[in-house]
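Engineer: Can you read through this structure? Questions will come right after.
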Amino acid sequence: MGRLDSVGVSVSYAQVLGWVKAFASTVAENREYLTRLDSAIGDADHGTNIDRGMKAAVAKLDGLEGDDIGALLKTVGMTLVSTVGGAGGPLYGTLFLQMGVATAGKSELAPDDWAAALAAAVNGVQMRGKAEPGDKTMIDALIPARDALSSALAEGASFDDALVRSAQAAEEGMQATIPLVAKKGRASYLGERSAGHQDPGATSSHLLIKTAAEAWSGDD
Amino acid sequence: MGRLDSVGVSVSYAQVLGWVKAFASTVAENREYLTRLDSAIGDADHGTNIDRGMKAAVAKLDGLEGDDIGALLKTVGMTLVSTVGGAGGPLYGTLFLQMGVATAGKSELAPDDWAAALAAAVNGVQMRGKAEPGDKTMIDALIPARDALSSALAEGASFDDALVRSAQAAEEGMQATIPLVAKKGRASYLGERSAGHQDPGATSSHLLIKTAAEAWSGDD
Amino acid sequence: MKKLINRPEDVVTEAIQGMAAAHPDLLKVNFGPNYVYRADAPVQGKVALVSGGGSGHEPMHGGFVGMGMLDAACPGEVFTSPTPDQMIEATKAVDGGAGVLHIVKNYTGDVMNFDMAAELARGEGIDVEAVVIDDDVAVQDSLYTAGRRGVGTTVLAEKICGAAAEEKQSLQQVADLCRKVNENGRSMGMALTSCIVPTAGTPTFELGADEMEIGIGIHGEPGRERRKLAPASEIVESLATPVIEDIPFEEGDEVLAFVNSMGGTPTIELYVVFNELHKLLEDRGIKITRNLIGPYITSLEMAGCSITLLKLDDDLTRLWDAPVHTPGLRWAA
Amino acid sequence: MKKLINRPEDVVTEAIQGMAAAHPDLLKVNFGPNYVYRADAPVQGKVALVSGGGSGHEPMHGGFVGMGMLDAACPGEVFTSPTPDQMIEATKAVDGGAGVLHIVKNYTGDVMNFDMAAELARGEGIDVEAVVIDDDVAVQDSLYTAGRRGVGTTVLAEKICGAAAEEKQSLQQVADLCRKVNENGRSMGMALTSCIVPTAGTPTFELGADEMEIGIGIHGEPGRERRKLAPASEIVESLATPVIEDIPFEEGDEVLAFVNSMGGTPTIELYVVFNELHKLLEDRGIKITRNLIGPYITSLEMAGCSITLLKLDDDLTRLWDAPVHTPGLRWAA
Ligand SMILES: Nc1ncnc2c1ncn2[C@@H]1O[C@H](COP(=O)(O)OP(=O)(O)O)[C@@H](O)[C@H]1O
Ligand SMILES: Nc1ncnc2c1ncn2[C@@H]1O[C@H](COP(=O)(O)OP(=O)(O)O)[C@@H](O)[C@H]1O
Ligand SMILES: [Mg+2]
Ligand SMILES: [Mg+2]
Ligand SMILES: [Mg+2]
Ligand SMILES: [Mg+2]
């Protein structure tokens, strides 16, 4: 996606599709890593789960017609719900479904549309999982990402910059999960022993935000 | 047993009792060793089995009255049969039982009595187990011991020397089991793989003959 | 990784194919979405029981499908809860018009997926009730956490509620009974070794030759505490005491004692454990009137055990004794 | 050594104490000499079945004591056959006047001890028949060796002969039936790991992380051959082929397929194995009409499996289906 349809303006259907595919391949590359993180405080399947789901989602998308970004994202969400299972399935499924609802009918996303989609996604994940910031979950990467994005845009930053700051915030949020004692999910069964490990879901969520910034950055 | 009742003459009830106790403690010392040999080509219990049996036998003997060597040896045999199990139990049980039959009523064993007892013992073990020389069993230590003893005595050797030559023959027979492919017992299930390992039963039988020579040797 | 499997990705599919091949008289298997269901389903006028969860706990749940226990089970990937569409399809396949009970083990993933499924099934006009089992005393309970895990009591609840359903009890009655079993059952488990998730290929956690994990779950999660190896008597003490004191179980109580293998622990050791448990409960005046000993809710090849106690009354005892005929549990039939 | 035990020397005693505590309705236990026997023994006018062997194979044999199977079992030390006095006392305790059948696995120790016991029991006027089971095709048979081991077919023989005895068949008939089962059953086993004899404390043999033993017995003896680890499909092929070709089993035959865990292999893997076996037999036109899948004749905590095939006819099928109620095997009762 060259300079022409740069995100200074907005993100096209093709770019959203590009992002979803980029996320799928990043997850595939980081599959063992995510599963290893899940071994330490979970049950050693997070990488396998999300990878299985994103592969299925990408396969579904190839058959998809039209340029409705909402339909695209809903398809990803539905596929994740029906192929992933575990906690990751409903959570990432809801994330994409809510993004789909927020972007229904759109063939382009202006920066504010993306901010609204991300906000809706975070909202949905919290409704589903009831996790609060600091519970050592994907929420700890997603909320900072959402807030950094909207404040950057409010400060008049370019979409590029806003996306980068959003990704940085997600990364910091992910790293901040290391010392936390988990309150939600499997890791909470470990009690104090969950501290000192990075949360796998926060890690995959950081990858999600990071790939958006990379896929949509103007300079390439 | 000092010089006085030296075996130049014969072996007393007390000396037979001493031999049985000496065998029991030698087995106890070599318990792990015998079991390790049995791990290689069997089921890792030969040392444990014979040790359990000889401990029980010694306990029984403490309660025994009189000076009938036959009764003493039969008691050892019966106790082994009822406490050891496995192949070792019936085989060593029969060995001592047959020695007991051969020495019934005797309170002293002349060299020829011992030779007869050992012959009867070997006979019993073969009747029970149907093993031939070269089958990689205790028979491979016992038959050379029996033959070396009788030929030594026939050549007019002293009982001391005869016992030593008998023990040496048992040792050679034991070592000769190493290259053999087992035809009897658990080791036979390994087929060719049983070659290259010393037979545990031949090893315990060598200890049996060796302790007799040591317990009855004149010089101590 | 030493397992009797082909490709790690195919373990779950091939295992349920094996079940279908082995037990055509008891169950059928549907693939895409995957679920195991009673050969004679739907049983008209009977409340249907549907459970499910990650695979790796065999015989639970698929091995408990049959007369007197489950009508359907949804097997997820190893240690990964199944998906809502498996649950919806299974629910539809076994609904005999008297409603469907979802028996759910309390794990975030299981609960969220079953929630979605129940919402959708109700949307299609099926009367669905869900009961969440959370009996693991190793986990400190709290409103702000995921709460306790569902473990051994699940097996007992599936058997007892299955019997009640065969008696044609109503959905409400069977659901209340399931809650009653959950309230009266408590469990705790331990591990001597970790297990290996096939697709991961390496042990989920590392344990020293002289170490054990106390308070583990059934997904290879490390436990609450790592300790030096101890004799069976001490291990039973540290599992049974928190279990007993949680409800609490008291002098004069009659209980079902369930000694479960985590998968790699053989029967001879389970009886040594049961012997210790029996002595311990006798000392406290608690009477074991029923027992279950064996590998029923496992964690792949993990060596270790769990102890579950269920407080019995005449009703629960009668339902426990009632006929059951499944691949994993069978008597009086 | 990681086991749920107390002192290694006490494992066998404590395990049978646990059995006595768990199953008073089914069996009683005598100590010194040790044997497990039916709670309602002697059953007048019924041929009594007595078996036994080293411990470490649980549930075999003690777990098979009860209605429709064994009248008594003599547990030896781990992997060490019991002693004649155990067998004599057990034989006397269960003799109901119709004679006693000794079911003996073909191991030098077991055979010699049971021989001694039978001689003595006959001396006391009890009608004793002994049948030796030797079904392990991994061992080359020969007049000059100890012959084949008795393995999986023993479980099937105890069940089928137990049913015949309940039908009040004569000692001669039950003994002939036992020989018939032995002639029609063949087995072969493999190991992914060694086991640890409690009193030894270390693995009986060492296996590399990528190695397996083919043609093992049930006492931790190494097998006939060490191979690189392989997929379940290949393992099943190398176990089932020699089994099939030995009798041989032929197109059109109806068989009971018994997939057994050596102790440490969990149920999920057994079903993957059964799935492969089912496909393999189908290709050869051999029909599995009955099956048994689980840990029934184990080798302590060894990981691995064995496959047993038994050629069935109507008579054997009927007796297999007959009611049985023991701790280890139960149906239709
Ligand atoms: N209640 C929750 N809310 C939000 N995220 C959660 C919740 N519970 C778990 N998670 C996330 O899910 C991740 C684990 O996902 P995964 O391993 O796929 O599921 P499971 O725990 O069922 O195996 C955790 O790292 C955590 O970030
Ligand atoms: N038929 C036999 N005749 C003589 N000795 C035998 C025979 N079978 C086995 N043995 C001996 O028994 C020994 C094994 O004894 P043990 O380990 O106590 O019994 P098991 O093999 O039943 O575990 C073998 O090393 C061998 O020397
Ligand atoms: Mg996980
Ligand atoms: Mg041995
Ligand atoms: Mg999971
Ligand atoms: Mg032995």
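Residues in the structure tokens are named by chain (A, B, ... in the order shown) and by number from 1 within that chain; ligands are numbered from 1 in the order shown.
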What residues have any atom no more than 6 Å from ligand 2 when counting only C-alpha atoms and all ligand atoms, and can you list them as a list in words?
Structural biologist: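 The residues within 6 Å of ligand 2, counting only C-alpha atoms and all ligand atoms, are Asp43, Asp45, His46, Asn49, Gly86, Ala87, Gly88, Gly129, Lys130, Ala131, Thr137, Met138, Ile139, Lys184, Gly185, Arg186, Asp199, Pro200, Gly201 and Ala202 of chain B; Thr80, Thr108 and Gly109 of chain D.
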Engineer: Applying 9 Å and only C-alpha atoms, which residues near Thr177 of chain B remain after dropping the ones on its own chain fewer than 6 positions away? List them as a list in words.
Structural biologist: Gly134, Asp135, Lys136, Thr137, Asp140, Ala141, Ala195, Gly196, His197, Gln198, Asp199 and Ala202 of chain B
Engineer: Save the residues we just selected, all heavy atoms, as a PDB file, in the first residue's frame?
Structural biologist:
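So the final result, stored in result00.pdb, reads:
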```pdb
ATOM      1  N   GLY B 134      25.243 -74.682  30.222  1.00  0.00           N
ATOM      2  CA  GLY B 134      25.279 -73.802  29.058  1.00  0.00           C
ATOM      3  C   GLY B 134      23.969 -73.068  28.823  1.00  0.00           C
ATOM      4  O   GLY B 134      23.867 -72.232  27.926  1.00  0.00           O
ATOM      5  N   ASP B 135      22.952 -73.352  29.659  1.00  0.00           N
ATOM      6  CA  ASP B 135      21.671 -72.645  29.510  1.00  0.00           C
ATOM      7  C   ASP B 135      21.713 -71.257  30.165  1.00  0.00           C
ATOM      8  O   ASP B 135      20.732 -70.521  30.147  1.00  0.00           O
ATOM      9  CB  ASP B 135      20.524 -73.459  30.136  1.00  0.00           C
ATOM     10  CG  ASP B 135      20.128 -74.645  29.260  1.00  0.00           C
ATOM     11  OD1 ASP B 135      20.678 -74.765  28.151  1.00  0.00           O
ATOM     12  OD2 ASP B 135      19.286 -75.439  29.709  1.00  0.00           O
ATOM     13  N   LYS B 136      22.840 -70.918  30.766  1.00  0.00           N
ATOM     14  CA  LYS B 136      23.018 -69.624  31.448  1.00  0.00           C
ATOM     15  C   LYS B 136      22.146 -69.554  32.706  1.00  0.00           C
ATOM     16  O   LYS B 136      21.288 -68.672  32.845  1.00  0.00           O
ATOM     17  CB  LYS B 136      22.680 -68.462  30.495  1.00  0.00           C
ATOM     18  CG  LYS B 136      23.258 -67.113  30.903  1.00  0.00           C
ATOM     19  CD  LYS B 136      22.862 -66.017  29.913  1.00  0.00           C
ATOM     20  CE  LYS B 136      23.485 -64.689  30.267  1.00  0.00           C
ATOM     21  NZ  LYS B 136      24.660 -64.352  29.442  1.00  0.00           N
ATOM     22  N   THR B 137      22.371 -70.520  33.594  1.00  0.00           N
ATOM     23  CA  THR B 137      21.653 -70.523  34.870  1.00  0.00           C
ATOM     24  C   THR B 137      22.620 -70.852  36.013  1.00  0.00           C
ATOM     25  O   THR B 137      23.809 -71.072  35.787  1.00  0.00           O
ATOM     26  CB  THR B 137      20.545 -71.598  34.894  1.00  0.00           C
ATOM     27  OG1 THR B 137      21.182 -72.889  34.960  1.00  0.00           O
ATOM     28  CG2 THR B 137      19.661 -71.529  33.659  1.00  0.00           C
ATOM     29  N   ASP B 140      25.240 -73.566  35.830  1.00  0.00           N
ATOM     30  CA  ASP B 140      26.568 -73.365  35.230  1.00  0.00           C
ATOM     31  C   ASP B 140      27.635 -73.049  36.272  1.00  0.00           C
ATOM     32  O   ASP B 140      28.834 -73.138  35.990  1.00  0.00           O
ATOM     33  CB  ASP B 140      26.511 -72.273  34.166  1.00  0.00           C
ATOM     34  CG  ASP B 140      25.652 -72.694  32.979  1.00  0.00           C
ATOM     35  OD1 ASP B 140      25.774 -73.853  32.556  1.00  0.00           O
ATOM     36  OD2 ASP B 140      24.831 -71.871  32.512  1.00  0.00           O
ATOM     37  N   ALA B 141      27.242 -72.684  37.472  1.00  0.00           N
ATOM     38  CA  ALA B 141      28.206 -72.514  38.572  1.00  0.00           C
ATOM     39  C   ALA B 141      28.232 -73.777  39.426  1.00  0.00           C
ATOM     40  O   ALA B 141      29.284 -74.199  39.916  1.00  0.00           O
ATOM     41  CB  ALA B 141      27.832 -71.304  39.416  1.00  0.00           C
ATOM     42  N   ALA B 195      23.208 -62.373  25.718  1.00  0.00           N
ATOM     43  CA  ALA B 195      24.660 -62.572  25.711  1.00  0.00           C
ATOM     44  C   ALA B 195      25.361 -61.298  26.191  1.00  0.00           C
ATOM     45  O   ALA B 195      24.864 -60.194  25.993  1.00  0.00           O
ATOM     46  CB  ALA B 195      25.124 -62.934  24.308  1.00  0.00           C
ATOM     47  N   GLY B 196      26.518 -61.487  26.862  1.00  0.00           N
ATOM     48  CA  GLY B 196      27.282 -60.320  27.308  1.00  0.00           C
ATOM     49  C   GLY B 196      26.969 -59.914  28.740  1.00  0.00           C
ATOM     50  O   GLY B 196      27.484 -58.917  29.238  1.00  0.00           O
ATOM     51  N   HIS B 197      26.116 -60.672  29.399  1.00  0.00           N
ATOM     52  CA  HIS B 197      25.757 -60.362  30.793  1.00  0.00           C
ATOM     53  C   HIS B 197      25.946 -61.598  31.666  1.00  0.00           C
ATOM     54  O   HIS B 197      25.624 -62.709  31.262  1.00  0.00           O
ATOM     55  CB  HIS B 197      24.295 -59.909  30.873  1.00  0.00           C
ATOM     56  CG  HIS B 197      23.986 -58.695  30.044  1.00  0.00           C
ATOM     57  ND1 HIS B 197      24.236 -57.415  30.477  1.00  0.00           N
ATOM     58  CD2 HIS B 197      23.469 -58.577  28.800  1.00  0.00           C
ATOM     59  CE1 HIS B 197      23.870 -56.560  29.540  1.00  0.00           C
ATOM     60  NE2 HIS B 197      23.403 -57.241  28.499  1.00  0.00           N
ATOM     61  N   GLN B 198      26.466 -61.376  32.872  1.00  0.00           N
ATOM     62  CA  GLN B 198      26.668 -62.482  33.813  1.00  0.00           C
ATOM     63  C   GLN B 198      25.339 -62.864  34.447  1.00  0.00           C
ATOM     64  O   GLN B 198      24.553 -62.000  34.836  1.00  0.00           O
ATOM     65  CB  GLN B 198      27.678 -62.041  34.871  1.00  0.00           C
ATOM     66  CG  GLN B 198      28.039 -63.112  35.874  1.00  0.00           C
ATOM     67  CD  GLN B 198      29.220 -62.680  36.724  1.00  0.00           C
ATOM     68  OE1 GLN B 198      30.278 -62.303  36.202  1.00  0.00           O
ATOM     69  NE2 GLN B 198      29.048 -62.688  38.028  1.00  0.00           N
ATOM     70  N   ASP B 199      25.088 -64.160  34.549  1.00  0.00           N
ATOM     71  CA  ASP B 199      23.817 -64.624  35.083  1.00  0.00           C
ATOM     72  C   ASP B 199      23.724 -64.402  36.604  1.00  0.00           C
ATOM     73  O   ASP B 199      24.612 -64.820  37.348  1.00  0.00           O
ATOM     74  CB  ASP B 199      23.636 -66.107  34.776  1.00  0.00           C
ATOM     75  CG  ASP B 199      22.335 -66.628  35.344  1.00  0.00           C
ATOM     76  OD1 ASP B 199      21.270 -66.132  34.914  1.00  0.00           O
ATOM     77  OD2 ASP B 199      22.382 -67.480  36.244  1.00  0.00           O
ATOM     78  N   ALA B 202      23.758 -67.742  38.691  1.00  0.00           N
ATOM     79  CA  ALA B 202      25.086 -68.357  38.730  1.00  0.00           C
ATOM     80  C   ALA B 202      25.969 -67.584  39.699  1.00  0.00           C
ATOM     81  O   ALA B 202      26.814 -68.158  40.395  1.00  0.00           O
ATOM     82  CB  ALA B 202      25.707 -68.361  37.335  1.00  0.00           C
TER      83      ALA B 202
END
```
Engineer: Rounded to one decimal place, report the atom CA of Leu118 of chain A-atom CA of Ala176 of chain A distance in Å.
Structural biologist: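 Calculated distance between atom CA of Leu118 of chain A and atom CA of Ala176 of chain A is 20.5 Å.
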Engineer: Might you pull out every residue within 7 Å of segment 289-301 of chain D, with only C-alpha atoms counted and same-chain residues fewer than 6 positions away left off, and present them as a PDB file with N, CA and C atoms, in the first residue's frame?
Structural biologist:
```pdb
ATOM      1  N   ALA C  22     -14.751 -48.400  18.557  1.00  0.00           N
ATOM      2  CA  ALA C  22     -14.782 -49.342  19.679  1.00  0.00           C
ATOM      3  C   ALA C  22     -16.170 -49.496  20.292  1.00  0.00           C
ATOM      4  N   GLY C 264      -0.694 -41.147  34.451  1.00  0.00           N
ATOM      5  CA  GLY C 264       0.517 -41.974  34.447  1.00  0.00           C
ATOM      6  C   GLY C 264       0.723 -42.797  35.706  1.00  0.00           C
ATOM      7  N   THR C 265      -0.117 -42.584  36.709  1.00  0.00           N
ATOM      8  CA  THR C 265       0.025 -43.331  37.966  1.00  0.00           C
ATOM      9  C   THR C 265      -0.787 -44.618  37.913  1.00  0.00           C
ATOM     10  N   PRO C 266      -0.125 -45.766  38.113  1.00  0.00           N
ATOM     11  CA  PRO C 266      -0.797 -47.058  37.972  1.00  0.00           C
ATOM     12  C   PRO C 266      -1.663 -47.425  39.176  1.00  0.00           C
TER      13      PRO C 266
ATOM     14  N   GLY D  56       2.498 -55.801  40.691  1.00  0.00           N
ATOM     15  CA  GLY D  56       2.961 -54.809  39.728  1.00  0.00           C
ATOM     16  C   GLY D  56       2.188 -54.872  38.414  1.00  0.00           C
ATOM     17  N   HIS D  57       1.205 -55.798  38.344  1.00  0.00           N
ATOM     18  CA  HIS D  57       0.398 -55.946  37.124  1.00  0.00           C
ATOM     19  C   HIS D  57      -1.044 -55.503  37.345  1.00  0.00           C
ATOM     20  N   GLU D  58      -1.316 -54.814  38.420  1.00  0.00           N
ATOM     21  CA  GLU D  58      -2.681 -54.474  38.807  1.00  0.00           C
ATOM     22  C   GLU D  58      -3.441 -53.819  37.650  1.00  0.00           C
ATOM     23  N   PRO D  59      -4.735 -54.107  37.510  1.00  0.00           N
ATOM     24  CA  PRO D  59      -5.596 -54.864  38.424  1.00  0.00           C
ATOM     25  C   PRO D  59      -5.352 -56.378  38.453  1.00  0.00           C
ATOM     26  N   MET D  60      -4.692 -56.954  37.444  1.00  0.00           N
ATOM     27  CA  MET D  60      -4.415 -58.380  37.503  1.00  0.00           C
ATOM     28  C   MET D  60      -3.502 -58.679  38.695  1.00  0.00           C
ATOM     29  N   GLY D 152      -1.325 -60.940  27.922  1.00  0.00           N
ATOM     30  CA  GLY D 152      -2.695 -60.451  27.841  1.00  0.00           C
ATOM     31  C   GLY D 152      -3.811 -61.489  27.830  1.00  0.00           C
ATOM     32  N   CYS D 195      10.186 -49.364  33.658  1.00  0.00           N
ATOM     33  CA  CYS D 195       9.499 -49.158  34.931  1.00  0.00           C
ATOM     34  C   CYS D 195      10.549 -49.281  36.030  1.00  0.00           C
ATOM     35  N   ILE D 218       6.000 -58.262  30.852  1.00  0.00           N
ATOM     36  CA  ILE D 218       5.292 -57.423  31.823  1.00  0.00           C
ATOM     37  C   ILE D 218       6.075 -57.293  33.119  1.00  0.00           C
ATOM     38  N   HIS D 219       7.379 -57.502  33.051  1.00  0.00           N
ATOM     39  CA  HIS D 219       8.200 -57.413  34.258  1.00  0.00           C
ATOM     40  C   HIS D 219       9.355 -56.450  34.069  1.00  0.00           C
ATOM     41  N   GLY D 220       9.196 -55.511  33.134  1.00  0.00           N
ATOM     42  CA  GLY D 220      10.283 -54.575  32.892  1.00  0.00           C
ATOM     43  C   GLY D 220      11.484 -55.215  32.223  1.00  0.00           C
ATOM     44  N   GLU D 254     -13.707 -63.677  13.544  1.00  0.00           N
ATOM     45  CA  GLU D 254     -14.226 -62.697  14.496  1.00  0.00           C
ATOM     46  C   GLU D 254     -13.320 -62.738  15.715  1.00  0.00           C
ATOM     47  N   VAL D 255     -12.876 -61.555  16.153  1.00  0.00           N
ATOM     48  CA  VAL D 255     -11.915 -61.525  17.257  1.00  0.00           C
ATOM     49  C   VAL D 255     -12.321 -60.544  18.350  1.00  0.00           C
ATOM     50  N   LEU D 256     -11.790 -60.821  19.533  1.00  0.00           N
ATOM     51  CA  LEU D 256     -11.811 -59.855  20.612  1.00  0.00           C
ATOM     52  C   LEU D 256     -10.470 -59.141  20.537  1.00  0.00           C
ATOM     53  N   ALA D 257     -10.494 -57.812  20.422  1.00  0.00           N
ATOM     54  CA  ALA D 257      -9.262 -57.023  20.363  1.00  0.00           C
ATOM     55  C   ALA D 257      -9.063 -56.354  21.716  1.00  0.00           C
ATOM     56  N   PHE D 258      -7.936 -56.634  22.326  1.00  0.00           N
ATOM     57  CA  PHE D 258      -7.613 -56.129  23.658  1.00  0.00           C
ATOM     58  C   PHE D 258      -6.400 -55.209  23.531  1.00  0.00           C
ATOM     59  N   VAL D 259      -6.641 -53.902  23.717  1.00  0.00           N
ATOM     60  CA  VAL D 259      -5.549 -52.922  23.701  1.00  0.00           C
ATOM     61  C   VAL D 259      -5.283 -52.529  25.149  1.00  0.00           C
ATOM     62  N   ASN D 260      -4.113 -52.907  25.625  1.00  0.00           N
ATOM     63  CA  ASN D 260      -3.775 -52.788  27.032  1.00  0.00           C
ATOM     64  C   ASN D 260      -2.703 -51.730  27.284  1.00  0.00           C
ATOM     65  N   SER D 261      -2.907 -50.932  28.324  1.00  0.00           N
ATOM     66  CA  SER D 261      -1.864 -49.987  28.732  1.00  0.00           C
ATOM     67  C   SER D 261      -0.904 -50.676  29.684  1.00  0.00           C
ATOM     68  N   MET D 262       0.394 -50.428  29.521  1.00  0.00           N
ATOM     69  CA  MET D 262       1.381 -51.023  30.417  1.00  0.00           C
ATOM     70  C   MET D 262       1.399 -50.334  31.770  1.00  0.00           C
ATOM     71  N   GLY D 263       0.596 -49.304  31.932  1.00  0.00           N
ATOM     72  CA  GLY D 263       0.473 -48.645  33.228  1.00  0.00           C
ATOM     73  C   GLY D 263       0.569 -47.137  33.129  1.00  0.00           C
ATOM     74  N   GLY D 264       1.536 -46.650  32.362  1.00  0.00           N
ATOM     75  CA  GLY D 264       1.759 -45.211  32.275  1.00  0.00           C
ATOM     76  C   GLY D 264       1.155 -44.557  31.046  1.00  0.00           C
ATOM     77  N   THR D 267      -5.482 -43.211  28.491  1.00  0.00           N
ATOM     78  CA  THR D 267      -6.588 -43.673  27.654  1.00  0.00           C
ATOM     79  C   THR D 267      -6.598 -43.040  26.267  1.00  0.00           C
ATOM     80  N   LEU D 270      -4.514 -44.953  24.020  1.00  0.00           N
ATOM     81  CA  LEU D 270      -5.028 -46.300  23.752  1.00  0.00           C
ATOM     82  C   LEU D 270      -6.060 -46.270  22.635  1.00  0.00           C
TER      83      LEU D 270
END
```
Engineer: Which residues of chain A are close to chain C, meaning at most 10 Å apart when you count only C-alpha atoms, and how do they look as a PyMOL selection string?
Structural biologist: chain A and resi 31-32+35-36+38-49+80-91+128-132+135+182-194
Engineer: Enter the distance from atom CA of Ser166 of chain A to atom CA of Ala215 of chain A, in Å, rounded to one decimal.
Structural biologist: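 Straight-line distance from atom CA of Ser166 of chain A to atom CA of Ala215 of chain A works out to 13.6 Å.
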Engineer: Return as a VMD selection string the residues belonging to chain C that are within 6 Å of chain D, counting only C-alpha atoms.
Structural biologist: chain C and resid 4 to 6 14 to 15 18 58 231 to 232 263 to 264 266 to 269 271 to 272 274 to 275 301 331 to 333
Engineer: Looking only at alpha helix (DSSP H) from DSSP on the backbone, list the matching residues of segment 64-248 of chain D as a ChimeraX atom specification.
Structural biologist: /D:84-94,108-123,153-166,171-184,232-246
Engineer: If DSSP is run on the backbone, what residues of segment 51-187 of chain C are strand (DSSP E)? A reply as a list in words would be ideal.
Structural biologist: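 DSSP-assigned strand (DSSP E) residues in segment 51-187 of chain C: Ser51, Gly52, Gly53, Gly54, Ser55, Ala72, Ala73, Cys74, Pro75, Gly76, Glu77, Val78, Val100, Leu101, His102, Ile103, Val104, Lys105, Val128, Glu129, Ala130, Val131, Val132, Ile133, Gly185, Arg186 and Ser187 of chain C.
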Engineer: Val164 of chain A: which residues within 7 Å, counting only C-alpha atoms, same-chain residues fewer than 4 positions away excluded, as a compact mmCIF listing (two decimals) with N, CA, C and O atoms, in the first residue's frame?
Structural biologist:
```txt
# COMPACT_ATOMS: atom_id res chain seq x y z
N ASP A 160 -0.36 7.84 11.18
CA ASP A 160 0.89 7.07 11.34
C ASP A 160 1.39 7.14 12.77
O ASP A 160 1.58 6.13 13.44
N GLN A 168 3.26 1.29 20.78
CA GLN A 168 4.21 1.42 21.89
C GLN A 168 3.50 1.20 23.22
O GLN A 168 3.97 0.48 24.11
N ALA A 213 -0.09 -1.04 13.00
CA ALA A 213 0.80 0.11 12.77
C ALA A 213 1.73 -0.17 11.59
O ALA A 213 1.93 0.67 10.71
```
Engineer: My list of candidates is A:Ile50, A:Lys210, A:Trp114, A:Ser150. Which is closest to ligand 5 when distances are computed with only C-alpha atoms and all ligand atoms?
Structural biologist: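 Checking each candidate against ligand 5, we get A:Ile50 as the closest.
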Engineer: So that I can check the surroundings of Lys106 of chain A, please list as a PyMOL selection string every protein, DNA and RNA residue that reaches within 12 Å of it, counting only C-alpha atoms and ignoring chain neighbours fewer than 4 positions away.
Structural biologist: chain A and resi 10-13+16+66-73+99-102+110+113-114+117
